[in-house]
Amino acid sequence: MIDTAVRFFQEGGFFMFPIAVVLIIGLIVAIERYVYLSAQKITNRRDFNRLHQMIATRDFKGALNYAQESGTAMATMIGFGLQRLARRQGREDIEYAMEEGLLDVMPRLEKRTQYLATLANIATLLGLLGTIIGLIAAFTAVAAADPAQKASLLSQSISVAMNTTAFGLMSAIPMLLIHSVLQTKTNEIVDSFEMAGIKVLNLLSDSSGSRPGGQSQTATPPAPAAASAGAHASTPA
């Protein structure tokens, strides 16, 4: 198996090397992005549970300090909203602030993922280019060859030239699949941010009316003046 792969690589010509470099770069990017997104998914869930618990107990200052110290994408987004809450701003301002926080962290989540699609296209194009150049060289060599050997030499040269296309496709297809997987994983994390933002907004509204330390107004008991006036009215002059 290894000998076949080595022979296949050697027979493909010069363009097998740049395709291999593109494949290696794509694998490095894919592994780094998968590890990063998996770690973000775990830490975001942990930070959301922690911040949700602190907000539910109305520990807004502690939640803001935790969000600023954590530095994760989820904590950053919620921290933007808690900063507006600390300034005693309303629900709408808090919602806008968390949307701003989401836009701030999204580039971190989508970083380098789009490179995989570009690298897949480059690998395919390099394979086609290698095949075309190989066919040009094959036909040039056949033109000066012995007529009895032209058919054999041409078929062998075409087979070698097609190796670059095959290798380019073998490199591009996995990178496209990995790109799709990473894109789906990123979209799931972004959806979890939106859901977390709504939960935090509803929790803030339920617990404090979107204002820290907000006190609910209770009905004031009626003054005893009416009862006193009634008593005086029933007293004879």
# chains A, B, ... in the order shown; residues from 1 in each chain; ligands from 1
call {"tool": "closest_atom_pairs", "arguments": {"of": "region 79-110 of chain A", "to": "region 48-58 of chain A", "cutoff": "12 Å", "atoms": "only C-alpha atoms", "output": "CSV"}}
result
residue,atom,partner,partner_atom,distance
A:Gly79,CA,A:Leu51,CA,9.5
A:Gly81,CA,A:Ile55,CA,11.7
A:Leu82,CA,A:Ile55,CA,9.5
A:Leu85,CA,A:Ile55,CA,11.2
A:Ala86,CA,A:Arg58,CA,11.9
call {"tool": "closest_residue", "arguments": {"among": "A:Glu11, A:Glu32, A:Asp104, A:Glu69", "to": "Leu182 (chain A)", "atoms": "only C-alpha atoms"}}
result
A:Glu32
call {"tool": "select_by_dssp", "arguments": {"residues": "region 80-148 of chain A", "states": "alpha helix (DSSP H)", "output": "PyMOL selection string"}}
result
chain A and resi 80-86+91-110+114-143
call {"tool": "closest_residue", "arguments": {"among": "A:Asn163, A:Ser192, A:Gln68, A:Thr113", "to": "Ile178 (chain A)", "atoms": "only C-alpha atoms"}}
result
A:Thr113
call {"tool": "residues_around", "arguments": {"residues": "Thr76 (chain A)", "least_positions_apart": "6", "cutoff": "8 Å", "atoms": "only C-alpha atoms", "output": "mmCIF file with C-alpha atoms, in the first residue's frame"}}
result
data_model
loop_
_atom_site.group_PDB
_atom_site.id
_atom_site.type_symbol
_atom_site.label_atom_id
_atom_site.label_comp_id
_atom_site.auth_asym_id
_atom_site.auth_seq_id
_atom_site.Cartn_x
_atom_site.Cartn_y
_atom_site.Cartn_z
ATOM 1 C CA ALA A 67 -17.319 37.977 32.294
ATOM 2 C CA GLN A 68 -14.414 40.413 32.049
ATOM 3 C CA SER A 70 -13.055 34.928 31.616
ATOM 4 C CA GLY A 101 -20.723 41.613 21.571
ATOM 5 C CA VAL A 105 -16.680 37.505 18.803
#
call {"tool": "atom_distance", "arguments": {"atom1": "CA of Leu154 (chain A)", "atom2": "CA of Ile133 (chain A)"}}
result
14.0 Å
call {"tool": "atom_distance", "arguments": {"atom1": "CA of Met106 (chain A)", "atom2": "CA of His179 (chain A)"}}
result
16.7 Å
call {"tool": "closest_residue", "arguments": {"among": "A:Thr165, A:Gln156, A:Thr43, A:Gln183", "to": "Leu125 (chain A)", "atoms": "only C-alpha atoms"}}
result
A:Thr165
call {"tool": "decode", "arguments": {"residues": "region 32-47 of chain A", "atoms": "all heavy atoms", "output": "PDB file, in the first residue's frame"}}
result
ATOM      1  N   GLU A  32      -6.688  22.621  13.734  1.00  0.00           N
ATOM      2  CA  GLU A  32      -6.690  23.768  14.655  1.00  0.00           C
ATOM      3  C   GLU A  32      -8.102  24.303  14.872  1.00  0.00           C
ATOM      4  O   GLU A  32      -8.511  24.599  15.993  1.00  0.00           O
ATOM      5  CB  GLU A  32      -5.786  24.857  14.088  1.00  0.00           C
ATOM      6  CG  GLU A  32      -5.586  26.063  15.008  1.00  0.00           C
ATOM      7  CD  GLU A  32      -6.640  27.131  14.810  1.00  0.00           C
ATOM      8  OE1 GLU A  32      -7.193  27.223  13.702  1.00  0.00           O
ATOM      9  OE2 GLU A  32      -6.943  27.874  15.776  1.00  0.00           O
ATOM     10  N   ARG A  33      -8.873  24.437  13.784  1.00  0.00           N
ATOM     11  CA  ARG A  33     -10.237  24.969  13.891  1.00  0.00           C
ATOM     12  C   ARG A  33     -11.145  24.005  14.647  1.00  0.00           C
ATOM     13  O   ARG A  33     -11.979  24.432  15.453  1.00  0.00           O
ATOM     14  CB  ARG A  33     -10.810  25.217  12.498  1.00  0.00           C
ATOM     15  CG  ARG A  33     -10.277  26.420  11.785  1.00  0.00           C
ATOM     16  CD  ARG A  33     -10.799  27.716  12.402  1.00  0.00           C
ATOM     17  NE  ARG A  33      -9.979  28.196  13.501  1.00  0.00           N
ATOM     18  CZ  ARG A  33     -10.349  29.134  14.345  1.00  0.00           C
ATOM     19  NH1 ARG A  33     -11.526  29.696  14.239  1.00  0.00           N
ATOM     20  NH2 ARG A  33      -9.555  29.518  15.310  1.00  0.00           N
ATOM     21  N   TYR A  34     -10.996  22.710  14.417  1.00  0.00           N
ATOM     22  CA  TYR A  34     -11.859  21.743  15.104  1.00  0.00           C
ATOM     23  C   TYR A  34     -11.577  21.740  16.605  1.00  0.00           C
ATOM     24  O   TYR A  34     -12.502  21.722  17.416  1.00  0.00           O
ATOM     25  CB  TYR A  34     -11.648  20.349  14.521  1.00  0.00           C
ATOM     26  CG  TYR A  34     -12.589  19.323  15.085  1.00  0.00           C
ATOM     27  CD1 TYR A  34     -13.872  19.183  14.570  1.00  0.00           C
ATOM     28  CD2 TYR A  34     -12.215  18.495  16.144  1.00  0.00           C
ATOM     29  CE1 TYR A  34     -14.754  18.246  15.085  1.00  0.00           C
ATOM     30  CE2 TYR A  34     -13.087  17.569  16.668  1.00  0.00           C
ATOM     31  CZ  TYR A  34     -14.356  17.450  16.134  1.00  0.00           C
ATOM     32  OH  TYR A  34     -15.227  16.532  16.660  1.00  0.00           O
ATOM     33  N   VAL A  35     -10.304  21.771  16.966  1.00  0.00           N
ATOM     34  CA  VAL A  35      -9.946  21.796  18.389  1.00  0.00           C
ATOM     35  C   VAL A  35     -10.451  23.085  19.037  1.00  0.00           C
ATOM     36  O   VAL A  35     -11.013  23.076  20.135  1.00  0.00           O
ATOM     37  CB  VAL A  35      -8.420  21.650  18.561  1.00  0.00           C
ATOM     38  CG1 VAL A  35      -8.015  21.882  20.008  1.00  0.00           C
ATOM     39  CG2 VAL A  35      -7.971  20.276  18.094  1.00  0.00           C
ATOM     40  N   TYR A  36     -10.273  24.220  18.343  1.00  0.00           N
ATOM     41  CA  TYR A  36     -10.694  25.506  18.898  1.00  0.00           C
ATOM     42  C   TYR A  36     -12.206  25.558  19.091  1.00  0.00           C
ATOM     43  O   TYR A  36     -12.687  25.974  20.148  1.00  0.00           O
ATOM     44  CB  TYR A  36     -10.243  26.629  17.969  1.00  0.00           C
ATOM     45  CG  TYR A  36     -10.706  28.000  18.400  1.00  0.00           C
ATOM     46  CD1 TYR A  36     -10.036  28.707  19.397  1.00  0.00           C
ATOM     47  CD2 TYR A  36     -11.837  28.590  17.821  1.00  0.00           C
ATOM     48  CE1 TYR A  36     -10.463  29.959  19.800  1.00  0.00           C
ATOM     49  CE2 TYR A  36     -12.263  29.847  18.224  1.00  0.00           C
ATOM     50  CZ  TYR A  36     -11.586  30.526  19.202  1.00  0.00           C
ATOM     51  OH  TYR A  36     -12.019  31.759  19.606  1.00  0.00           O
ATOM     52  N   LEU A  37     -12.959  25.149  18.074  1.00  0.00           N
ATOM     53  CA  LEU A  37     -14.420  25.214  18.171  1.00  0.00           C
ATOM     54  C   LEU A  37     -14.951  24.243  19.224  1.00  0.00           C
ATOM     55  O   LEU A  37     -15.905  24.566  19.944  1.00  0.00           O
ATOM     56  CB  LEU A  37     -15.043  24.911  16.808  1.00  0.00           C
ATOM     57  CG  LEU A  37     -14.802  25.972  15.720  1.00  0.00           C
ATOM     58  CD1 LEU A  37     -15.359  25.501  14.393  1.00  0.00           C
ATOM     59  CD2 LEU A  37     -15.413  27.307  16.106  1.00  0.00           C
ATOM     60  N   SER A  38     -14.340  23.081  19.331  1.00  0.00           N
ATOM     61  CA  SER A  38     -14.765  22.124  20.360  1.00  0.00           C
ATOM     62  C   SER A  38     -14.506  22.689  21.753  1.00  0.00           C
ATOM     63  O   SER A  38     -15.353  22.567  22.652  1.00  0.00           O
ATOM     64  CB  SER A  38     -14.037  20.786  20.175  1.00  0.00           C
ATOM     65  OG  SER A  38     -14.328  20.221  18.920  1.00  0.00           O
ATOM     66  N   ALA A  39     -13.337  23.312  21.937  1.00  0.00           N
ATOM     67  CA  ALA A  39     -13.027  23.907  23.235  1.00  0.00           C
ATOM     68  C   ALA A  39     -13.961  25.074  23.529  1.00  0.00           C
ATOM     69  O   ALA A  39     -14.420  25.247  24.669  1.00  0.00           O
ATOM     70  CB  ALA A  39     -11.572  24.369  23.264  1.00  0.00           C
ATOM     71  N   GLN A  40     -14.268  25.880  22.512  1.00  0.00           N
ATOM     72  CA  GLN A  40     -15.184  27.005  22.706  1.00  0.00           C
ATOM     73  C   GLN A  40     -16.576  26.526  23.111  1.00  0.00           C
ATOM     74  O   GLN A  40     -17.235  27.154  23.938  1.00  0.00           O
ATOM     75  CB  GLN A  40     -15.268  27.831  21.422  1.00  0.00           C
ATOM     76  CG  GLN A  40     -14.096  28.761  21.203  1.00  0.00           C
ATOM     77  CD  GLN A  40     -14.072  29.899  22.199  1.00  0.00           C
ATOM     78  OE1 GLN A  40     -15.049  30.600  22.399  1.00  0.00           O
ATOM     79  NE2 GLN A  40     -12.932  30.074  22.858  1.00  0.00           N
ATOM     80  N   LYS A  41     -17.016  25.448  22.515  1.00  0.00           N
ATOM     81  CA  LYS A  41     -18.341  24.927  22.847  1.00  0.00           C
ATOM     82  C   LYS A  41     -18.427  24.531  24.314  1.00  0.00           C
ATOM     83  O   LYS A  41     -19.423  24.804  25.002  1.00  0.00           O
ATOM     84  CB  LYS A  41     -18.661  23.729  21.953  1.00  0.00           C
ATOM     85  CG  LYS A  41     -20.098  23.251  22.046  1.00  0.00           C
ATOM     86  CD  LYS A  41     -20.371  22.171  21.017  1.00  0.00           C
ATOM     87  CE  LYS A  41     -21.832  21.737  21.055  1.00  0.00           C
ATOM     88  NZ  LYS A  41     -22.116  20.685  20.039  1.00  0.00           N
ATOM     89  N   ILE A  42     -17.372  23.920  24.826  1.00  0.00           N
ATOM     90  CA  ILE A  42     -17.358  23.486  26.231  1.00  0.00           C
ATOM     91  C   ILE A  42     -17.260  24.694  27.166  1.00  0.00           C
ATOM     92  O   ILE A  42     -18.029  24.816  28.134  1.00  0.00           O
ATOM     93  CB  ILE A  42     -16.186  22.515  26.469  1.00  0.00           C
ATOM     94  CG1 ILE A  42     -16.390  21.234  25.643  1.00  0.00           C
ATOM     95  CG2 ILE A  42     -16.056  22.184  27.953  1.00  0.00           C
ATOM     96  CD1 ILE A  42     -15.209  20.289  25.690  1.00  0.00           C
ATOM     97  N   THR A  43     -16.322  25.597  26.889  1.00  0.00           N
ATOM     98  CA  THR A  43     -16.134  26.749  27.779  1.00  0.00           C
ATOM     99  C   THR A  43     -17.319  27.705  27.727  1.00  0.00           C
ATOM    100  O   THR A  43     -17.679  28.300  28.748  1.00  0.00           O
ATOM    101  CB  THR A  43     -14.848  27.503  27.401  1.00  0.00           C
ATOM    102  OG1 THR A  43     -14.893  27.856  26.009  1.00  0.00           O
ATOM    103  CG2 THR A  43     -13.630  26.636  27.657  1.00  0.00           C
ATOM    104  N   ASN A  44     -17.941  27.843  26.552  1.00  0.00           N
ATOM    105  CA  ASN A  44     -19.116  28.717  26.461  1.00  0.00           C
ATOM    106  C   ASN A  44     -20.270  28.189  27.294  1.00  0.00           C
ATOM    107  O   ASN A  44     -20.967  28.950  27.975  1.00  0.00           O
ATOM    108  CB  ASN A  44     -19.554  28.858  25.003  1.00  0.00           C
ATOM    109  CG  ASN A  44     -18.610  29.728  24.202  1.00  0.00           C
ATOM    110  OD1 ASN A  44     -17.887  30.552  24.752  1.00  0.00           O
ATOM    111  ND2 ASN A  44     -18.604  29.544  22.899  1.00  0.00           N
ATOM    112  N   ARG A  45     -20.479  26.880  27.245  1.00  0.00           N
ATOM    113  CA  ARG A  45     -21.550  26.293  28.056  1.00  0.00           C
ATOM    114  C   ARG A  45     -21.259  26.466  29.546  1.00  0.00           C
ATOM    115  O   ARG A  45     -22.155  26.785  30.339  1.00  0.00           O
ATOM    116  CB  ARG A  45     -21.708  24.808  27.722  1.00  0.00           C
ATOM    117  CG  ARG A  45     -22.878  24.149  28.444  1.00  0.00           C
ATOM    118  CD  ARG A  45     -22.973  22.666  28.154  1.00  0.00           C
ATOM    119  NE  ARG A  45     -23.219  22.409  26.748  1.00  0.00           N
ATOM    120  CZ  ARG A  45     -22.353  21.830  25.935  1.00  0.00           C
ATOM    121  NH1 ARG A  45     -21.154  21.453  26.390  1.00  0.00           N
ATOM    122  NH2 ARG A  45     -22.641  21.617  24.678  1.00  0.00           N
ATOM    123  N   ARG A  46     -19.995  26.287  29.924  1.00  0.00           N
ATOM    124  CA  ARG A  46     -19.620  26.444  31.331  1.00  0.00           C
ATOM    125  C   ARG A  46     -19.835  27.882  31.791  1.00  0.00           C
ATOM    126  O   ARG A  46     -20.416  28.130  32.855  1.00  0.00           O
ATOM    127  CB  ARG A  46     -18.156  26.058  31.498  1.00  0.00           C
ATOM    128  CG  ARG A  46     -17.620  26.189  32.936  1.00  0.00           C
ATOM    129  CD  ARG A  46     -16.117  26.285  32.909  1.00  0.00           C
ATOM    130  NE  ARG A  46     -15.663  27.493  32.231  1.00  0.00           N
ATOM    131  CZ  ARG A  46     -14.419  27.673  31.776  1.00  0.00           C
ATOM    132  NH1 ARG A  46     -13.526  26.718  31.885  1.00  0.00           N
ATOM    133  NH2 ARG A  46     -14.096  28.819  31.185  1.00  0.00           N
ATOM    134  N   ASP A  47     -19.380  28.841  30.990  1.00  0.00           N
ATOM    135  CA  ASP A  47     -19.510  30.238  31.384  1.00  0.00           C
ATOM    136  C   ASP A  47     -20.972  30.685  31.398  1.00  0.00           C
ATOM    137  O   ASP A  47     -21.366  31.487  32.248  1.00  0.00           O
ATOM    138  CB  ASP A  47     -18.707  31.125  30.438  1.00  0.00           C
ATOM    139  CG  ASP A  47     -17.216  31.055  30.709  1.00  0.00           C
ATOM    140  OD1 ASP A  47     -16.828  30.441  31.728  1.00  0.00           O
ATOM    141  OD2 ASP A  47     -16.430  31.590  29.914  1.00  0.00           O
TER     142      ASP A  47
END
